[in-house]
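Before any comments, here is the structure.
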Protein chains: 2
Amino acid sequence: MRLSDRVLHMQESPVRKLVPIAEKQKKNGKKVYHLNIGQPDIETPKAFMEAINAYDTSVIKYSFSQGEPVLIDAIIDYYKRDGMVYEDNDILITNGGSEALTFTTIATCNPGDEILIPEPFYTNYNGFTSAVNVDLVPITTKAEDGFHLPKEEEIVKLITPKTKAILFSNPGNPTGTILTKVEMDMIKRIAIEHDLYIISDEVYRKMAFDGLKSYSMGQLEGIDDRLIIVDSVSKRFSACGARIGAIISKNKKLTSNILKLCQARLCVATLEQIGAAALYKMPSEYANEIKDIYEERRNIVYETLKEIPGVVCEKPQGAFYVVAKLPIESAEEFCVWLLQDFDHHGETVMLAPAQGFYSTKGLGKNEVRIAYVLNSDEMKKAMNILKEALKVYNQ
Amino acid sequence: MRLSDRVLHMQESPVRKLVPIAEKQKKNGKKVYHLNIGQPDIETPKAFMEAINAYDTSVIKYSFSQGEPVLIDAIIDYYKRDGMVYEDNDILITNGGSEALTFTTIATCNPGDEILIPEPFYTNYNGFTSAVNVDLVPITTKAEDGFHLPKEEEIVKLITPKTKAILFSNPGNPTGTILTKVEMDMIKRIAIEHDLYIISDEVYRKMAFDGLKSYSMGQLEGIDDRLIIVDSVSKRFSACGARIGAIISKNKKLTSNILKLCQARLCVATLEQIGAAALYKMPSEYANEIKDIYEERRNIVYETLKEIPGVVCEKPQGAFYVVAKLPIESAEEFCVWLLQDFDHHGETVMLAPAQGFYSTKGLGKNEVRIAYVLNSDEMKKAMNILKEALKVYNQ
């Protein structure tokens, strides 16, 4: 019995090899600062559990396949605050942004079809697409350019008859880059001209620094029929383990067809939807408080990186990541060394080698992604350890 | 922009057309007994919410991609009670049995591959497979035979080079049929001889009546490398809305590859896993109490069906469903009529037309699935309504 080619060819997680090494070192007493995963330390708002505890839990029943009405209403109100008007059947609740991306891929692409995507990109996009036989075609962006998009002609020449969509996260994981209005307009133009869906992963929206605003593609006109927004409570409300996401689109034919996928898997966890509704109802100031916290951490990370000779990175403007080019040969080897062979007063850091975020072979070899998900004191310590480590490593 | 063929070709839910009709009638004051969906009225054990409330919920963090260790351990202990010994990495926690079936299909089949399945079958199997371009090949079973399997040669002649697995639910949804030991051995023989995976959906295990025991395929020897058990807390512990399922297999290459699919979607909802662990730890007597409740309901349904002239159905032995052939032309029309045009003292019943459970065109036209998910008093009333309705309908 063979397994399917599609599962055999699936990429493993870029930090997979590092996890057992980290676990072993932690057991031996070494402290490891985890900057390798987007799991924030920020408390989930209490409203989440309060809503669950106020709910009738005598029978944990199926929810609706589309999602709990209270959650859908909360999302509609949340988007209205930013001038985006959606109707009830424009919104489908999913098992995290993950399922939203899987369903969107299945609904827009047949096996063998292609989706354009700026690289480096969130590595799990590989999984969502290759598991259902769709190919990602990378639009390469560079640390030197702050990971902004190349010129329109560079993108257009990647389009084939098999290209069905352009997918991106904005603010970007792993880059922290925020698309400019000019870039958003270019994406719109390309999508209209070449008849592509636009899949805009906006789970980090509102996390924008330096007074910047992170616009939603939903604020652009003329793309209602082709725009699919992916949203999630994971990052914005520090509720990664709730697994509540959403597909938002005004293309009724698309949503009614994706609803069939929703119906097949019956529903998303009921309690978590009740909790998530309370999160979307949080006052708008909450987003600012969270943004301020991450901005402070971003500053710590960026200030330290600037002090290290040979590091290349532009100041990231959003989300809670930065991809930095380090003065080393192989980030993978460096990350193993950090865990296995290095410590600074008994402490070290765990980073994500960035190679796994590129689909073009050979790119990102000397780059790492740093997730600034720890409090400022810990981030300072962690970044200082990285600085010391690079000194030792390059001696 | 076209949508994908795979999503356009997906079947809609067999009760989809009925839902708006039922909702309208309910608004007009008609009482509708819902025998159309497998949502039991039985209370979820209190242990579920107690475990969640005892858990540290300050940050709702990602769980492990494989699943929460406390839940995996609870499942291992639960299977040990029936003499089935599994190791930690034999178990992967999924978003309900639904995701377990999707992942299993992706991992065992490439696009264009085939899975054998006795029909009538759980209609959502269509969704899990067609969404990822796999074809279900039906092994037709009949109401007259109590929906037991045909002879071995009838099954074997359906096998092609593209056949990768045989899939079934046992006890069966929608039939309530329990496979005999002889049938289980036949499946084993066919799978070994033709090198197929066995995907055994056992979410209704332990719900077996008349002193029968519902064996697990995991209790058979010699198929460790090809057996994949799908489990779930939904039915057995009346926790449908928790969306906690599992893939259980001793084929390490299979589980390590499906783990890649688990990693791509990060994890299953954390709180629900904590609650589900408490469910698997419930004492064994709990299963018997639940079984007794459903057996009483089954008796009510079967006794009434026997009294109706022209109805064909064998006594169902498990789960909480029965498929009955009614003395009518079209079950779909009858189900619409029941909701729209009929009432018995202001009350009616909603049933699932069985046509949607068959993949062979034309089969099941005059059959319905009845889910006995209401308490005995309500089941008596509902079945009496059905009896009266058939009298009126056939006048």
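Residue names in the structure tokens use chain letters A, B, ... in the order shown, residue numbers from 1 in each chain, and ligand numbers from 1 in the order shown.
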
Skip stretch 260-277 of chain B itself and residues of its chain fewer than 2 positions away, then list as number ranges by chain all residues within 6 Å of it, counting only C-alpha atoms.
A: 98, 124, 127, 241-243; B: 48, 51-52, 63-65, 71, 74, 95, 242, 257-258, 279-280

Let's have the selection written as a compact mmCIF listing (two decimals), in the first residue's frame, with C-alpha atoms.
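Generated file (result20.txt):
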```txt
# COMPACT_ATOMS: atom_id res chain seq x y z
CA SER A 98 -6.19 27.48 8.04
CA ASN A 124 1.69 26.49 5.83
CA GLY A 127 0.41 22.56 3.01
CA GLY A 241 -5.99 27.86 20.28
CA ALA A 242 -9.61 28.86 19.61
CA ARG A 243 -9.26 27.98 15.91
CA PHE B 48 -16.81 18.13 29.74
CA ALA B 51 -12.55 19.97 32.75
CA ILE B 52 -12.59 23.14 30.65
CA SER B 63 -2.36 22.98 21.17
CA PHE B 64 0.05 20.42 19.66
CA SER B 65 -0.63 19.56 16.02
CA LEU B 71 -6.59 13.60 25.29
CA ALA B 74 -7.31 9.22 27.56
CA ASN B 95 -11.64 18.44 13.92
CA ALA B 242 -17.18 19.84 20.26
CA ASN B 257 2.59 11.64 6.92
CA ILE B 258 -0.89 12.63 8.08
CA LEU B 279 -15.36 12.28 28.13
CA TYR B 280 -13.03 9.43 27.16
```

List the spatial neighbours of B:Glu152 as number ranges by chain - criterion: any atom at most 12 Å away, only C-alpha atoms, same-chain residues fewer than 4 positions off excluded.
B: 139, 148, 156-159, 182-191, 193

Can you pull out every residue within 6 Å of stretch 30-37 of chain A, counting only C-alpha atoms, but drop anything in the same chain fewer than 5 positions away, and send it as a PyMOL selection string?
chain A and resi 25+346-352+370-371

Based on the selection just made, write N, CA and C atoms of those residues as a PDB file, in the first residue's frame.
```
ATOM      1  N   GLN A  25      17.334  20.175  25.352  1.00  0.00           N
ATOM      2  CA  GLN A  25      18.136  21.181  26.051  1.00  0.00           C
ATOM      3  C   GLN A  25      17.361  21.769  27.231  1.00  0.00           C
ATOM      4  N   GLY A 346      23.428  30.241  30.517  1.00  0.00           N
ATOM      5  CA  GLY A 346      22.412  29.179  30.618  1.00  0.00           C
ATOM      6  C   GLY A 346      21.162  29.414  29.785  1.00  0.00           C
ATOM      7  N   GLU A 347      21.202  30.455  28.933  1.00  0.00           N
ATOM      8  CA  GLU A 347      20.003  30.754  28.138  1.00  0.00           C
ATOM      9  C   GLU A 347      20.343  30.828  26.640  1.00  0.00           C
ATOM     10  N   THR A 348      19.322  30.516  25.801  1.00  0.00           N
ATOM     11  CA  THR A 348      19.525  30.675  24.361  1.00  0.00           C
ATOM     12  C   THR A 348      18.203  31.040  23.695  1.00  0.00           C
ATOM     13  N   VAL A 349      18.227  31.200  22.371  1.00  0.00           N
ATOM     14  CA  VAL A 349      17.006  31.549  21.636  1.00  0.00           C
ATOM     15  C   VAL A 349      16.724  30.509  20.555  1.00  0.00           C
ATOM     16  N   MET A 350      15.462  30.349  20.272  1.00  0.00           N
ATOM     17  CA  MET A 350      15.054  29.484  19.166  1.00  0.00           C
ATOM     18  C   MET A 350      14.427  30.365  18.093  1.00  0.00           C
ATOM     19  N   LEU A 351      14.955  30.249  16.869  1.00  0.00           N
ATOM     20  CA  LEU A 351      14.475  31.051  15.735  1.00  0.00           C
ATOM     21  C   LEU A 351      13.979  30.110  14.639  1.00  0.00           C
ATOM     22  N   ALA A 352      13.263  30.647  13.676  1.00  0.00           N
ATOM     23  CA  ALA A 352      12.824  29.840  12.528  1.00  0.00           C
ATOM     24  C   ALA A 352      13.717  30.138  11.332  1.00  0.00           C
ATOM     25  N   ILE A 370      12.119  36.078  13.061  1.00  0.00           N
ATOM     26  CA  ILE A 370      12.019  36.315  14.502  1.00  0.00           C
ATOM     27  C   ILE A 370      10.583  36.746  14.803  1.00  0.00           C
ATOM     28  N   ALA A 371       9.918  36.008  15.689  1.00  0.00           N
ATOM     29  CA  ALA A 371       8.571  36.387  16.126  1.00  0.00           C
ATOM     30  C   ALA A 371       8.706  37.099  17.459  1.00  0.00           C
TER      31      ALA A 371
END
```

I want to know what sits within 7 Å of B:Lys235, based on only C-alpha atoms, with residues of the same chain fewer than 4 positions away left out; could you give that as an MDAnalysis selection string?
chainID B and resid 203:204 239:240

I want to know what sits within 9 Å of A:Glu99, based on only C-alpha atoms, with residues of the same chain fewer than 6 positions away left out; could you give that as a ChimeraX atom specification?
/A:128,245-246 /B:265

Please write the residues from the selection above to a file, keeping C-alpha atoms, as a compact mmCIF listing (two decimals), in the first residue's frame.
```txt
# COMPACT_ATOMS: atom_id res chain seq x y z
CA PHE A 128 -3.04 23.98 2.28
CA GLY A 245 -11.41 31.99 11.35
CA ALA A 246 -13.62 33.27 8.58
CA ARG B 265 -3.56 23.51 10.08
```

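Note that atom CA of B:Ser216 and atom CA of B:Lys291 are 16.4 Å apart.
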
Between B:Asp145, B:Ile223, B:Met84, B:Glu153, which is the closest to chain A once you count only C-alpha atoms?
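Counting only C-alpha atoms, the residue closest to chain A is B:Ile223.
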
Can you work out which one of B:Tyr358, B:Gln39, B:Ser13, B:Pro45 has the shortest atom-to-atom distance to B:Leu136, counting only C-alpha atoms?
B:Tyr358

Considering only C-alpha atoms, state which residue in the set B:Thr140, B:Ser238, B:Ser376, B:Thr175 is at the smallest distance from chain A.
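For chain A, the nearest of the candidates is B:Ser238.
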